Amino acid sequence: MPENNLEKLQKEINYKFKDIKILKNALTHTSYAYENNIKSNEKLEFLGDSILEFITSEYLYKKYQNLKEGEMTKVRAEVVCENSLYKIAKRHNFSQFLYVGRTEILSKGNEKPAILADSVEAIIAAIYLDGGIEPAEKFIIENLKEEIEIATTHVGDKDYKTVLQEKLQENGSIKITYVITKELGPDHDKTFEAEVLVEGKKLADGRGKSKKQAEMEAAKRALQNME
């Protein structure tokens, strides 16, 4: 991989590495490492996962003091997941910079969500090892603060689906289905529309910045319609 590509990546993530070897290691998938008898990014992924959980937990603790412990756990689980990390990787075009083996190249492994999500954890660890906790924290928060904000706004919304289910099933089991009907906007800023169906019949629809949020809004509207 040409060095200027690594310069481009460093501009993308807004961090300049003192030791470029750490960055290269973070971008090295196991398939490439095996073929070339070098270290893969697996150990960096392990470290990055822990750093990501810690920084996200601290951020939630300090910024969202109204959230209870259980609610913080739910928010963290929603944002520290493969889908969120995949979005970060896509936003910064990580697929252009990954070292993957010949087999993975043929199957477009550099575009696979799991591989891209793992690379984000490895990059976080690389930033930490190269520059300490502050730049690692900056990268994490800059890339996740919007996801966190969205998650905190509907952390209690699960009640709507639960209440709707209880109301509808008072007299016996009824099939309740949620369907995502539309996805609007670019990958990094999607809006979803959902419908809630009872025995195939539409009760209500809802919209949100995540599939879960759209479903919760549909359940909320269904409850309002029933009142």
# chains A, B, ... in the order shown; residues from 1 in each chain; ligands from 1

$ select_by_dssp --residues "region 146-224 of chain A" --states "strand (DSSP E or B)" --output "compact mmCIF listing (two decimals) with N, CA and C atoms, in the first residue's frame"
# COMPACT_ATOMS: atom_id res chain seq x y z
N ILE A 176 -48.19 -10.14 16.27
CA ILE A 176 -47.83 -8.72 16.09
C ILE A 176 -46.52 -8.68 15.32
N THR A 177 -46.51 -7.92 14.23
CA THR A 177 -45.32 -7.85 13.37
C THR A 177 -44.93 -6.41 13.13
N TYR A 178 -43.62 -6.17 13.13
CA TYR A 178 -43.08 -4.85 12.79
C TYR A 178 -42.32 -4.97 11.47
N VAL A 179 -42.61 -4.07 10.54
CA VAL A 179 -41.98 -4.11 9.22
C VAL A 179 -41.36 -2.75 8.90
N ILE A 180 -40.09 -2.76 8.49
CA ILE A 180 -39.44 -1.53 8.02
C ILE A 180 -39.88 -1.32 6.57
N THR A 181 -40.58 -0.23 6.30
CA THR A 181 -41.14 0.00 4.97
C THR A 181 -40.28 0.92 4.10
N LYS A 182 -39.49 1.78 4.74
CA LYS A 182 -38.65 2.71 3.96
C LYS A 182 -37.35 3.01 4.69
N GLU A 183 -36.29 3.27 3.90
CA GLU A 183 -35.03 3.77 4.42
C GLU A 183 -34.68 5.02 3.61
N LEU A 184 -34.61 6.15 4.28
CA LEU A 184 -34.39 7.42 3.59
C LEU A 184 -33.05 8.03 4.01
N THR A 191 -32.98 7.72 7.89
CA THR A 191 -34.25 7.77 8.60
C THR A 191 -35.05 6.56 8.16
N PHE A 192 -35.67 5.88 9.13
CA PHE A 192 -36.42 4.66 8.84
C PHE A 192 -37.91 4.87 9.09
N GLU A 193 -38.74 4.20 8.29
CA GLU A 193 -40.18 4.19 8.52
C GLU A 193 -40.61 2.74 8.76
N ALA A 194 -41.50 2.57 9.75
CA ALA A 194 -41.94 1.22 10.13
C ALA A 194 -43.45 1.17 10.28
N GLU A 195 -43.99 -0.03 10.12
CA GLU A 195 -45.41 -0.29 10.37
C GLU A 195 -45.53 -1.39 11.41
N VAL A 196 -46.57 -1.27 12.24
CA VAL A 196 -46.90 -2.37 13.14
C VAL A 196 -48.19 -3.01 12.62
N LEU A 197 -48.13 -4.32 12.44
CA LEU A 197 -49.25 -5.09 11.90
C LEU A 197 -49.75 -6.08 12.93
N VAL A 198 -51.06 -6.23 12.99
CA VAL A 198 -51.68 -7.23 13.85
C VAL A 198 -52.46 -8.19 12.97
N LYS A 201 -52.84 -6.93 9.54
CA LYS A 201 -53.54 -5.66 9.33
C LYS A 201 -52.76 -4.51 9.98
N LYS A 202 -52.52 -3.44 9.19
CA LYS A 202 -51.75 -2.30 9.68
C LYS A 202 -52.50 -1.54 10.77
N LEU A 203 -51.78 -1.31 11.89
CA LEU A 203 -52.35 -0.53 12.99
C LEU A 203 -51.87 0.92 12.96
N ALA A 204 -50.56 1.08 12.71
CA ALA A 204 -49.99 2.43 12.71
C ALA A 204 -48.60 2.37 12.10
N ASP A 205 -48.06 3.55 11.81
CA ASP A 205 -46.68 3.61 11.32
C ASP A 205 -45.89 4.61 12.16
N GLY A 206 -44.57 4.56 12.01
CA GLY A 206 -43.71 5.47 12.77
C GLY A 206 -42.42 5.72 12.04
N ARG A 207 -41.73 6.75 12.47
CA ARG A 207 -40.47 7.13 11.82
C ARG A 207 -39.41 7.38 12.89
N GLY A 208 -38.13 7.05 12.57
CA GLY A 208 -37.05 7.30 13.53
C GLY A 208 -35.69 7.20 12.88

$ residues_around --residues "Ala125 (chain A)" --least-positions-apart "6" --cutoff "9 Å" --atoms "only C-alpha atoms" --output "PyMOL selection string"
chain A and resi 26+44-52+136

$ write_last_selection --atoms "C-alpha atoms" --output "tab-separated table (two decimals), in the first residue's frame"
chain	number	residue	atom	x	y	z
A	26	ALA	CA	-4.23	-2.05	12.78
A	44	LEU	CA	-5.40	-4.56	18.67
A	45	GLU	CA	-9.09	-5.35	18.17
A	46	PHE	CA	-9.18	-6.90	21.64
A	47	LEU	CA	-7.62	-3.83	23.23
A	48	GLY	CA	-9.71	-1.41	21.16
A	49	ASP	CA	-12.93	-3.10	22.26
A	50	SER	CA	-12.08	-2.48	25.92
A	51	ILE	CA	-11.07	1.14	25.30
A	52	LEU	CA	-14.28	1.74	23.33
A	136	ALA	CA	-8.45	7.83	21.30

$ closest_residue --among "A:Asn83, A:Gln165, A:Asn5, A:Ser95" --to "Ala117 (chain A)" --atoms "only C-alpha atoms"
A:Asn83

$ atom_distance --atom1 "CA of Leu144 (chain A)" --atom2 "CA of Glu78 (chain A)"
10.9 Å

$ select_by_dssp --residues "region 20-124 of chain A" --states "alpha helix (DSSP H)" --output "PyMOL selection string"
chain A and resi 20-26+30-36+42-63+69-79+82-91+102-106+113-124

$ closest_residue --among "A:Gly200, A:Phe97, A:Ile13, A:Ile150" --to "Ala214 (chain A)" --atoms "only C-alpha atoms"
A:Ile150

$ residues_around --residues "Thr162 (chain A)" --least-positions-apart "5" --cutoff "12 Å" --atoms "only C-alpha atoms" --output "PDB file with C-alpha atoms, in the first residue's frame"
ATOM      1  CA  GLY A 156     -37.233   3.935  27.619  1.00  0.00           C
ATOM      2  CA  ASP A 157     -39.325   3.523  24.498  1.00  0.00           C
ATOM      3  CA  LYS A 167     -53.074  -4.720  25.454  1.00  0.00           C
ATOM      4  CA  LEU A 168     -53.501  -6.703  22.247  1.00  0.00           C
ATOM      5  CA  GLN A 169     -52.962 -10.069  23.878  1.00  0.00           C
ATOM      6  CA  ILE A 176     -47.835  -8.724  16.094  1.00  0.00           C
ATOM      7  CA  GLU A 215     -40.783   0.570  15.503  1.00  0.00           C
ATOM      8  CA  MET A 216     -41.204   2.203  18.925  1.00  0.00           C
ATOM      9  CA  ALA A 219     -46.161   1.141  18.662  1.00  0.00           C
ATOM     10  CA  LYS A 220     -46.687   4.498  20.409  1.00  0.00           C
ATOM     11  CA  LEU A 223     -51.527   2.885  21.444  1.00  0.00           C
TER      12      LEU A 223
END

$ closest_atom_pairs --of "region 114-195 of chain A" --to "region 17-20 of chain A" --cutoff "9 Å" --atoms "only C-alpha atoms" --output "JSON lines"
{"residue": "A:Ala126", "atom": "CA", "partner": "A:Phe17", "partner_atom": "CA", "distance": 8.8}
{"residue": "A:Ile127", "atom": "CA", "partner": "A:Phe17", "partner_atom": "CA", "distance": 7.5}
{"residue": "A:Asp130", "atom": "CA", "partner": "A:Phe17", "partner_atom": "CA", "distance": 6.5}
{"residue": "A:Gly131", "atom": "CA", "partner": "A:Phe17", "partner_atom": "CA", "distance": 7.7}

$ write_last_selection --atoms "N, CA and C atoms" --output "short mmCIF file (atom, residue, chain, number, x, y, z; two decimals), in the first residue's frame"
data_model
loop_
_atom_site.label_atom_id
_atom_site.label_comp_id
_atom_site.auth_asym_id
_atom_site.auth_seq_id
_atom_site.Cartn_x
_atom_site.Cartn_y
_atom_site.Cartn_z
N ALA A 126 -4.76 1.42 18.20
CA ALA A 126 -3.54 1.96 17.61
C ALA A 126 -3.35 3.42 18.00
N ILE A 127 -4.43 4.19 17.95
CA ILE A 127 -4.37 5.61 18.35
C ILE A 127 -3.96 5.70 19.81
N ASP A 130 -0.27 4.81 20.31
CA ASP A 130 0.60 5.80 19.69
C ASP A 130 0.55 7.16 20.39
N GLY A 131 -0.63 7.53 20.85
CA GLY A 131 -0.79 8.90 21.37
C GLY A 131 -1.44 9.02 22.73
#
